[in-house]
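Shown next, in structure tokens, is the structure this report addresses.
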Protein chains: 2
Amino acid sequence: MSRPRLRLVEVGPRDGLQTAGAAVSTDAKVAFVDALSLSGLREIETGAFVSPKAVPEMADSAQVFSRIKRKPGVLYSALVPNDKGLDAALAAGADKIAIFTAASETFNKKNINASIAESIDRFKTVVPAAQSKKLPVRAYVSTAFYCPYEGKIKPEAVVAVIKTLESMSVDEYSIGDTIGRASPDDVRRLLDVLLKAVPVENIFLHFHDTYGMAVANALTAWTEYGVSGFDASTGGVGGCPYAPGASGNVAMEDLVFAFHASGGDTGVDVRALQAAARGLSSALGRPLPSRLGKIAL
Amino acid sequence: MSRPRLRLVEVGPRDGLQTAGAAVSTDAKVAFVDALSLSGLREIETGAFVSPKAVPEMADSAQVFSRIKRKPGVLYSALVPNDKGLDAALAAGADKIAIFTAASETFNKKNINASIAESIDRFKTVVPAAQSKKLPVRAYVSTAFYCPYEGKIKPEAVVAVIKTLESMSVDEYSIGDTIGRASPDDVRRLLDVLLKAVPVENIFLHFHDTYGMAVANALTAWTEYGVSGFDASTGGVGGCPYAPGASGNVAMEDLVFAFHASGGDTGVDVRALQAAARGLSSALGRPLPSRLGKIAL
């Protein structure tokens, strides 16, 4: 299997910080995004236009968008839950929109009090509205490997969700191992089925490092299946709401280092990511879980 | 490639704690080894009989050996640098002996002020003396992938060292990624050459997680090459003297979890390892870098 050029999506400012506590200042978020913009990353999920009651950490996303220094060639994206969120994201000047659902019915019910079908239905007007403004749309599919309530999720359930999203002309899918429980064999089992149904270039894999297998999973998907799209969070910031204190998203700098060590081309400077992580660690007042955050290169 | 039953060697009490600072009490070490003995592990490197000036952390190894509760079926091994160390290890009742050299001339010179040949020569009398008492002998080959001074190490250099050790009838080899810099591709490059020269059952791989690739490396060696011997350190305790603050040996609990998640048989109870790590973390007064140490199973 050839090893294609990597397409990396930074999700730290949104997925990483949405569980960090509301104490992260707007200044710190802007500084984090600006530092990430210097790294060579081409896409940074910068905030979310969701209920500030549900996710107080994202209440200042409009200010973050208005204050960051946009680097030409970088997409600054936003997560939205509905039409109202889309309007706010458009007003803030988001370059790309992300919507979300899950592969587990129970998770969806508990997380957003909707069935999978109902949750997707909420986005029926969002997707064409975003695309009419030339904004691409990604869809997150959470709990695509394991659900904290249902356990192992069948690959066919993931494909069914993606087929529905495909019928809405969503541009790409971010397949999430929400609780970080997947192993390389789980990745193989899903990709064996998924890549028969969906073009590989529309797939991004979104690993959490809760159990320490995220780098192994990403290398497996890339070297054995030619998947080139991966999400990660600089510093490894974030967490798992079902495992307090657990490691968060796989750290972007760890993933980039592993890809480079495997002959991969990411276009990203690991030292610039380390610098962004150092700044965020200072702002949060705690060490972050990335391995590369602990050493000098 | 079939996935053989795993043979895991716990190196935390020695390799993990030898750089932890001399403040770790004998009580804490004994408690750590005793907790590890309950996990199903079959081999625990319990201490080192080396110069207390060079490695003050290991000065109480004789007391540790005298106070642990030995579990039948578990080997309690000791690292020794020479005949005098062997005598002390035999007096302490060690079940197995470990000697050490490196694949990098510069590292060996700086680390122990000897060439590789000289360092191996020191063990010419140690190996037969240990084996005459029915004690098996393992040899550590450090810097087998990267050297902090020389950079990338050729697989042929590793094979040459092992061939010399083989001529001395050493029982097994622990091939160390001392600075934790190896990628799965580096592992493949070494094993492609090494397994043509040395029986796979005599090989143990010893990964550090400095750069976050240790779990990926171990899974690669096991699933693609059928290597079944791996060293690890519960809690991920340890460090890299060349990268202060860096992560240490790959965490045994992370490795065991990844093997189990890949259908592997280790005979080890992850929860018992987590308990051992919690005790050690309390004794050290700091969190340890393992991923599994941060979550409940």
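Every chain in the structure tokens has a letter given in the order shown (A, B, ...), and although residue numbers restart at 1 in each chain, ligands are simply numbered from 1 in the order shown.
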Need the shell around B:Gly248: protein/DNA/RNA residues with any atom at most 6 Å away, counting only C-alpha atoms. Skip same-chain ones fewer than 6 positions apart. Format as a PyMOL selection string? chain B and resi 208-209+236-239
Name the residues of stretch 12-194 of chain A that fall into helix (DSSP H, G or I) according to DSSP on the backbone, using the chain letters and numbers of this document, as a ChimeraX atom specification. /A:12-19,26-37,56-58,61-67,83-92,105-112,116-121,126-132,155-167,184-194
What's around A:Phe32 at 12 Å? Count only C-alpha atoms, leave out sequence neighbours fewer than 5 positions away in its own chain, and write the answer as a ChimeraX atom specification. /A:10-14,16-17,24-27,37-39,44-47,64,67-69,233-235,237,272-284
Output of the above residues as an mmCIF file, in the first residue's frame, restricted to N, CA and C atoms:
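Listed below is the output, part10.cif:
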```cif
data_model
loop_
_atom_site.group_PDB
_atom_site.id
_atom_site.type_symbol
_atom_site.label_atom_id
_atom_site.label_comp_id
_atom_site.auth_asym_id
_atom_site.auth_seq_id
_atom_site.Cartn_x
_atom_site.Cartn_y
_atom_site.Cartn_z
ATOM 1 N N GLU A 10 -6.557 19.945 12.618
ATOM 2 C CA GLU A 10 -6.344 20.286 14.021
ATOM 3 C C GLU A 10 -7.702 20.533 14.678
ATOM 4 N N VAL A 11 -7.991 19.784 15.745
ATOM 5 C CA VAL A 11 -9.277 19.944 16.425
ATOM 6 C C VAL A 11 -9.121 20.417 17.873
ATOM 7 N N GLY A 12 -7.883 20.788 18.241
ATOM 8 C CA GLY A 12 -7.634 21.192 19.629
ATOM 9 C C GLY A 12 -8.465 22.364 20.109
ATOM 10 N N PRO A 13 -8.537 23.468 19.353
ATOM 11 C CA PRO A 13 -9.279 24.627 19.862
ATOM 12 C C PRO A 13 -10.760 24.334 20.076
ATOM 13 N N ARG A 14 -11.303 23.335 19.383
ATOM 14 C CA ARG A 14 -12.716 22.987 19.589
ATOM 15 C C ARG A 14 -12.843 21.687 20.399
ATOM 16 N N GLY A 16 -10.638 19.748 21.643
ATOM 17 C CA GLY A 16 -9.725 19.702 22.779
ATOM 18 C C GLY A 16 -10.180 20.568 23.934
ATOM 19 N N LEU A 17 -10.595 21.787 23.622
ATOM 20 C CA LEU A 17 -10.901 22.755 24.693
ATOM 21 C C LEU A 17 -12.351 22.721 25.151
ATOM 22 N N VAL A 24 -10.603 28.812 30.363
ATOM 23 C CA VAL A 24 -9.641 29.153 29.310
ATOM 24 C C VAL A 24 -10.065 30.481 28.693
ATOM 25 N N SER A 25 -9.183 31.463 28.744
ATOM 26 C CA SER A 25 -9.549 32.809 28.296
ATOM 27 C C SER A 25 -9.604 32.899 26.777
ATOM 28 N N THR A 26 -10.341 33.879 26.309
ATOM 29 C CA THR A 26 -10.374 34.132 24.871
ATOM 30 C C THR A 26 -8.967 34.427 24.359
ATOM 31 N N ASP A 27 -8.217 35.207 25.131
ATOM 32 C CA ASP A 27 -6.823 35.499 24.751
ATOM 33 C C ASP A 27 -6.030 34.214 24.514
ATOM 34 N N SER A 37 -1.485 28.348 13.461
ATOM 35 C CA SER A 37 -1.463 28.842 12.079
ATOM 36 C C SER A 37 -0.041 28.922 11.528
ATOM 37 N N LEU A 38 0.943 28.998 12.421
ATOM 38 C CA LEU A 38 2.345 29.108 11.987
ATOM 39 C C LEU A 38 2.993 27.749 11.701
ATOM 40 N N SER A 39 2.251 26.659 11.970
ATOM 41 C CA SER A 39 2.870 25.325 11.938
ATOM 42 C C SER A 39 2.858 24.658 10.581
ATOM 43 N N ILE A 44 -7.918 24.222 10.816
ATOM 44 C CA ILE A 44 -7.989 24.350 12.271
ATOM 45 C C ILE A 44 -9.446 24.546 12.669
ATOM 46 N N GLU A 45 -9.985 23.569 13.385
ATOM 47 C CA GLU A 45 -11.352 23.736 13.894
ATOM 48 C C GLU A 45 -11.265 24.691 15.072
ATOM 49 N N THR A 46 -11.791 25.890 14.859
ATOM 50 C CA THR A 46 -11.470 27.032 15.710
ATOM 51 C C THR A 46 -12.478 27.263 16.823
ATOM 52 N N GLY A 47 -13.698 26.768 16.642
ATOM 53 C CA GLY A 47 -14.700 26.962 17.678
ATOM 54 C C GLY A 47 -15.992 26.259 17.337
ATOM 55 N N VAL A 64 -13.282 34.654 19.264
ATOM 56 C CA VAL A 64 -12.061 33.976 18.807
ATOM 57 C C VAL A 64 -11.911 34.154 17.298
ATOM 58 N N ARG A 67 -10.781 37.617 16.269
ATOM 59 C CA ARG A 67 -9.472 38.116 16.700
ATOM 60 C C ARG A 67 -8.283 37.338 16.160
ATOM 61 N N ILE A 68 -8.499 36.118 15.645
ATOM 62 C CA ILE A 68 -7.351 35.361 15.134
ATOM 63 C C ILE A 68 -6.763 36.043 13.903
ATOM 64 N N LYS A 69 -5.438 35.823 13.715
ATOM 65 C CA LYS A 69 -4.780 36.295 12.475
ATOM 66 C C LYS A 69 -4.898 35.180 11.449
ATOM 67 N N SER A 233 -5.132 16.781 18.028
ATOM 68 C CA SER A 233 -5.238 17.967 18.861
ATOM 69 C C SER A 233 -3.859 18.277 19.442
ATOM 70 N N THR A 234 -3.309 19.418 19.080
ATOM 71 C CA THR A 234 -1.955 19.747 19.544
ATOM 72 C C THR A 234 -1.897 19.763 21.073
ATOM 73 N N GLY A 235 -0.879 19.118 21.620
ATOM 74 C CA GLY A 235 -0.754 18.970 23.068
ATOM 75 C C GLY A 235 -1.474 17.735 23.585
ATOM 76 N N VAL A 237 -4.546 17.832 24.054
ATOM 77 C CA VAL A 237 -5.541 18.422 24.949
ATOM 78 C C VAL A 237 -6.902 17.784 24.683
ATOM 79 N N ALA A 272 6.950 23.845 15.698
ATOM 80 C CA ALA A 272 5.911 24.881 15.811
ATOM 81 C C ALA A 272 4.715 24.349 16.606
ATOM 82 N N LEU A 273 4.396 23.071 16.430
ATOM 83 C CA LEU A 273 3.326 22.469 17.236
ATOM 84 C C LEU A 273 3.728 22.420 18.699
ATOM 85 N N GLN A 274 4.987 22.044 18.949
ATOM 86 C CA GLN A 274 5.465 22.015 20.342
ATOM 87 C C GLN A 274 5.339 23.397 20.980
ATOM 88 N N ALA A 275 5.664 24.429 20.210
ATOM 89 C CA ALA A 275 5.566 25.797 20.742
ATOM 90 C C ALA A 275 4.112 26.150 21.049
ATOM 91 N N ALA A 276 3.200 25.764 20.157
ATOM 92 C CA ALA A 276 1.771 26.027 20.399
ATOM 93 C C ALA A 276 1.298 25.293 21.653
ATOM 94 N N ALA A 277 1.769 24.063 21.826
ATOM 95 C CA ALA A 277 1.369 23.272 22.994
ATOM 96 C C ALA A 277 1.929 23.877 24.278
ATOM 97 N N ARG A 278 3.155 24.381 24.219
ATOM 98 C CA ARG A 278 3.738 25.013 25.413
ATOM 99 C C ARG A 278 2.909 26.211 25.849
ATOM 100 N N GLY A 279 2.515 27.020 24.883
ATOM 101 C CA GLY A 279 1.699 28.190 25.212
ATOM 102 C C GLY A 279 0.371 27.782 25.834
ATOM 103 N N LEU A 280 -0.256 26.771 25.270
ATOM 104 C CA LEU A 280 -1.545 26.317 25.797
ATOM 105 C C LEU A 280 -1.378 25.716 27.189
ATOM 106 N N SER A 281 -0.314 24.947 27.374
ATOM 107 C CA SER A 281 -0.055 24.348 28.683
ATOM 108 C C SER A 281 0.099 25.439 29.747
ATOM 109 N N SER A 282 0.813 26.503 29.408
ATOM 110 C CA SER A 282 0.956 27.633 30.340
ATOM 111 C C SER A 282 -0.401 28.250 30.646
ATOM 112 N N ALA A 283 -1.203 28.462 29.608
ATOM 113 C CA ALA A 283 -2.517 29.085 29.804
ATOM 114 C C ALA A 283 -3.426 28.217 30.660
ATOM 115 N N LEU A 284 -3.338 26.901 30.477
ATOM 116 C CA LEU A 284 -4.179 25.985 31.254
ATOM 117 C C LEU A 284 -3.596 25.729 32.639
#
```
Produce a table with one row for each residue of chain B that has an atom at most 9 Å from any atom of chain A, each row naming the nearest atom pair and its distance in Å at one decimal; use only C-alpha atoms; arrange rows by chain and rising residue number; format as CSV.
```
residue,atom,partner,partner_atom,distance
B:Arg181,CA,A:Ala261,CA,8.7
B:Ala182,CA,A:Ala261,CA,8.0
B:Ser183,CA,A:Ala261,CA,6.0
B:Pro184,CA,A:Ser262,CA,7.4
B:Asp185,CA,A:Ser262,CA,6.1
B:Asp186,CA,A:Ser262,CA,8.4
B:Asp209,CA,A:Arg291,CA,7.6
B:Thr210,CA,A:Arg291,CA,6.2
B:Tyr211,CA,A:Arg291,CA,5.6
B:Gly212,CA,A:Arg291,CA,5.5
B:Met213,CA,A:Val215,CA,6.7
B:Ala214,CA,A:Ala216,CA,8.8
B:Val215,CA,A:Ala216,CA,6.6
B:Ala216,CA,A:Ala216,CA,4.2
B:Asn217,CA,A:Ala216,CA,7.9
B:Leu219,CA,A:Ala216,CA,7.8
B:Thr220,CA,A:Ala216,CA,8.7
B:Ala243,CA,A:Ile295,CA,6.0
B:Pro244,CA,A:Ile295,CA,7.2
B:Gly245,CA,A:Lys294,CA,5.9
B:Ala246,CA,A:Lys294,CA,5.1
B:Ser247,CA,A:Arg291,CA,6.7
B:Asp254,CA,A:Gly212,CA,6.2
B:Leu255,CA,A:Gly212,CA,8.4
B:Phe257,CA,A:Tyr211,CA,7.6
B:Ala258,CA,A:Met213,CA,6.8
B:Ala261,CA,A:Ser183,CA,6.0
B:Ser262,CA,A:Asp185,CA,6.1
B:Gly263,CA,A:Asp185,CA,8.9
B:Pro289,CA,A:Pro289,CA,8.1
B:Ser290,CA,A:Gly212,CA,8.0
B:Arg291,CA,A:Gly212,CA,5.5
B:Leu292,CA,A:Tyr211,CA,5.8
B:Gly293,CA,A:Ala246,CA,8.6
B:Lys294,CA,A:Ala246,CA,5.1
B:Ile295,CA,A:Ala246,CA,5.7
B:Ala296,CA,A:Ala243,CA,7.4
```
Please produce a file of the residues just selected, as an mmCIF file, in the first residue's frame, where the atoms kept are N, CA and C atoms.
```cif
data_model
loop_
_atom_site.group_PDB
_atom_site.id
_atom_site.type_symbol
_atom_site.label_atom_id
_atom_site.label_comp_id
_atom_site.auth_asym_id
_atom_site.auth_seq_id
_atom_site.Cartn_x
_atom_site.Cartn_y
_atom_site.Cartn_z
ATOM 1 N N ARG B 181 13.312 6.434 19.985
ATOM 2 C CA ARG B 181 13.197 7.165 18.727
ATOM 3 C C ARG B 181 12.750 6.289 17.567
ATOM 4 N N ALA B 182 12.674 4.976 17.788
ATOM 5 C CA ALA B 182 12.371 4.059 16.679
ATOM 6 C C ALA B 182 10.914 4.163 16.251
ATOM 7 N N SER B 183 10.688 3.983 14.961
ATOM 8 C CA SER B 183 9.343 3.912 14.392
ATOM 9 C C SER B 183 9.079 2.463 13.986
ATOM 10 N N PRO B 184 7.831 2.138 13.677
ATOM 11 C CA PRO B 184 7.572 0.784 13.164
ATOM 12 C C PRO B 184 8.450 0.425 11.959
ATOM 13 N N ASP B 185 8.739 1.385 11.089
ATOM 14 C CA ASP B 185 9.615 1.069 9.957
ATOM 15 C C ASP B 185 11.035 0.722 10.419
ATOM 16 N N ASP B 186 11.524 1.405 11.443
ATOM 17 C CA ASP B 186 12.839 1.057 11.992
ATOM 18 C C ASP B 186 12.824 -0.360 12.568
ATOM 19 N N ASP B 209 8.952 5.004 25.407
ATOM 20 C CA ASP B 209 7.860 5.717 24.749
ATOM 21 C C ASP B 209 8.133 7.212 24.614
ATOM 22 N N THR B 210 9.397 7.569 24.532
ATOM 23 C CA THR B 210 9.792 8.978 24.473
ATOM 24 C C THR B 210 9.033 9.756 23.397
ATOM 25 N N TYR B 211 8.881 9.152 22.231
ATOM 26 C CA TYR B 211 8.239 9.828 21.106
ATOM 27 C C TYR B 211 6.836 9.285 20.809
ATOM 28 N N GLY B 212 6.339 8.412 21.689
ATOM 29 C CA GLY B 212 4.957 7.963 21.558
ATOM 30 C C GLY B 212 4.719 6.823 20.580
ATOM 31 N N MET B 213 5.781 6.157 20.115
ATOM 32 C CA MET B 213 5.585 5.109 19.104
ATOM 33 C C MET B 213 5.752 3.697 19.657
ATOM 34 N N ALA B 214 5.937 3.556 20.982
ATOM 35 C CA ALA B 214 6.305 2.251 21.536
ATOM 36 C C ALA B 214 5.225 1.192 21.338
ATOM 37 N N VAL B 215 3.960 1.547 21.553
ATOM 38 C CA VAL B 215 2.889 0.562 21.384
ATOM 39 C C VAL B 215 2.801 0.146 19.912
ATOM 40 N N ALA B 216 2.893 1.113 19.019
ATOM 41 C CA ALA B 216 2.869 0.795 17.585
ATOM 42 C C ALA B 216 4.032 -0.122 17.223
ATOM 43 N N ASN B 217 5.203 0.137 17.791
ATOM 44 C CA ASN B 217 6.372 -0.699 17.503
ATOM 45 C C ASN B 217 6.163 -2.142 17.972
ATOM 46 N N LEU B 219 3.333 -3.743 18.593
ATOM 47 C CA LEU B 219 2.302 -4.442 17.809
ATOM 48 C C LEU B 219 2.845 -4.837 16.436
ATOM 49 N N THR B 220 3.663 -3.972 15.848
ATOM 50 C CA THR B 220 4.263 -4.290 14.553
ATOM 51 C C THR B 220 5.152 -5.531 14.662
ATOM 52 N N ALA B 243 16.980 12.996 27.619
ATOM 53 C CA ALA B 243 15.823 13.868 27.396
ATOM 54 C C ALA B 243 15.109 14.035 28.733
ATOM 55 N N PRO B 244 15.584 14.953 29.552
ATOM 56 C CA PRO B 244 15.002 15.128 30.886
ATOM 57 C C PRO B 244 13.496 15.370 30.807
ATOM 58 N N GLY B 245 12.736 14.668 31.664
ATOM 59 C CA GLY B 245 11.292 14.855 31.677
ATOM 60 C C GLY B 245 10.548 13.983 30.692
ATOM 61 N N ALA B 246 11.283 13.317 29.824
ATOM 62 C CA ALA B 246 10.634 12.493 28.799
ATOM 63 C C ALA B 246 9.943 11.293 29.424
ATOM 64 N N SER B 247 9.019 10.720 28.683
ATOM 65 C CA SER B 247 8.384 9.481 29.092
ATOM 66 C C SER B 247 9.434 8.383 29.152
ATOM 67 N N ASP B 254 -0.231 -0.419 29.417
ATOM 68 C CA ASP B 254 -0.648 0.009 28.080
ATOM 69 C C ASP B 254 -0.360 -1.092 27.057
ATOM 70 N N LEU B 255 0.814 -1.709 27.197
ATOM 71 C CA LEU B 255 1.198 -2.767 26.273
ATOM 72 C C LEU B 255 0.288 -3.981 26.433
ATOM 73 N N PHE B 257 -2.747 -4.045 27.597
ATOM 74 C CA PHE B 257 -4.076 -3.715 27.082
ATOM 75 C C PHE B 257 -4.101 -3.822 25.556
ATOM 76 N N ALA B 258 -3.086 -3.290 24.917
ATOM 77 C CA ALA B 258 -3.034 -3.314 23.448
ATOM 78 C C ALA B 258 -2.925 -4.751 22.935
ATOM 79 N N ALA B 261 -6.324 -6.329 23.378
ATOM 80 C CA ALA B 261 -7.253 -5.767 22.393
ATOM 81 C C ALA B 261 -6.972 -6.294 20.987
ATOM 82 N N SER B 262 -5.821 -6.949 20.842
ATOM 83 C CA SER B 262 -5.438 -7.523 19.549
ATOM 84 C C SER B 262 -5.489 -9.047 19.606
ATOM 85 N N GLY B 263 -6.224 -9.585 20.586
ATOM 86 C CA GLY B 263 -6.383 -11.030 20.682
ATOM 87 C C GLY B 263 -5.211 -11.754 21.325
ATOM 88 N N PRO B 289 3.438 8.290 33.543
ATOM 89 C CA PRO B 289 2.979 8.611 32.182
ATOM 90 C C PRO B 289 2.102 7.577 31.483
ATOM 91 N N SER B 290 1.796 6.461 32.109
ATOM 92 C CA SER B 290 0.993 5.466 31.381
ATOM 93 C C SER B 290 -0.382 6.024 31.068
ATOM 94 N N ARG B 291 -0.951 5.593 29.939
ATOM 95 C CA ARG B 291 -2.322 5.996 29.581
ATOM 96 C C ARG B 291 -3.318 5.276 30.472
ATOM 97 N N LEU B 292 -3.109 3.980 30.691
ATOM 98 C CA LEU B 292 -4.057 3.193 31.484
ATOM 99 C C LEU B 292 -4.045 3.599 32.949
ATOM 100 N N GLY B 293 -2.973 4.287 33.374
ATOM 101 C CA GLY B 293 -2.913 4.751 34.752
ATOM 102 C C GLY B 293 -3.908 5.861 35.033
ATOM 103 N N LYS B 294 -4.478 6.439 33.986
ATOM 104 C CA LYS B 294 -5.369 7.592 34.162
ATOM 105 C C LYS B 294 -6.839 7.212 34.141
ATOM 106 N N ILE B 295 -7.133 5.951 33.906
ATOM 107 C CA ILE B 295 -8.542 5.563 33.783
ATOM 108 C C ILE B 295 -8.838 4.308 34.591
ATOM 109 N N ALA B 296 -10.113 4.134 34.909
ATOM 110 C CA ALA B 296 -10.568 2.900 35.557
ATOM 111 C C ALA B 296 -11.079 1.954 34.475
#
```
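Take the candidates B:Ile112, B:Asp60, B:Leu90, B:Val9 and check each one against B:Ser132 using only C-alpha atoms; the shortest distance goes to B:Leu90.
With only C-alpha atoms as the basis for measurement, A:Pro4 is the residue among A:Val159, A:Pro72, A:Lys53, A:Pro4 that approaches A:Glu201 most closely.
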Let's see if you can do this: from backbone DSSP, list all strand (DSSP E) residues in stretch 164-264 of chain A, as a ChimeraX atom specification. /A:172-177,203-207,229-232
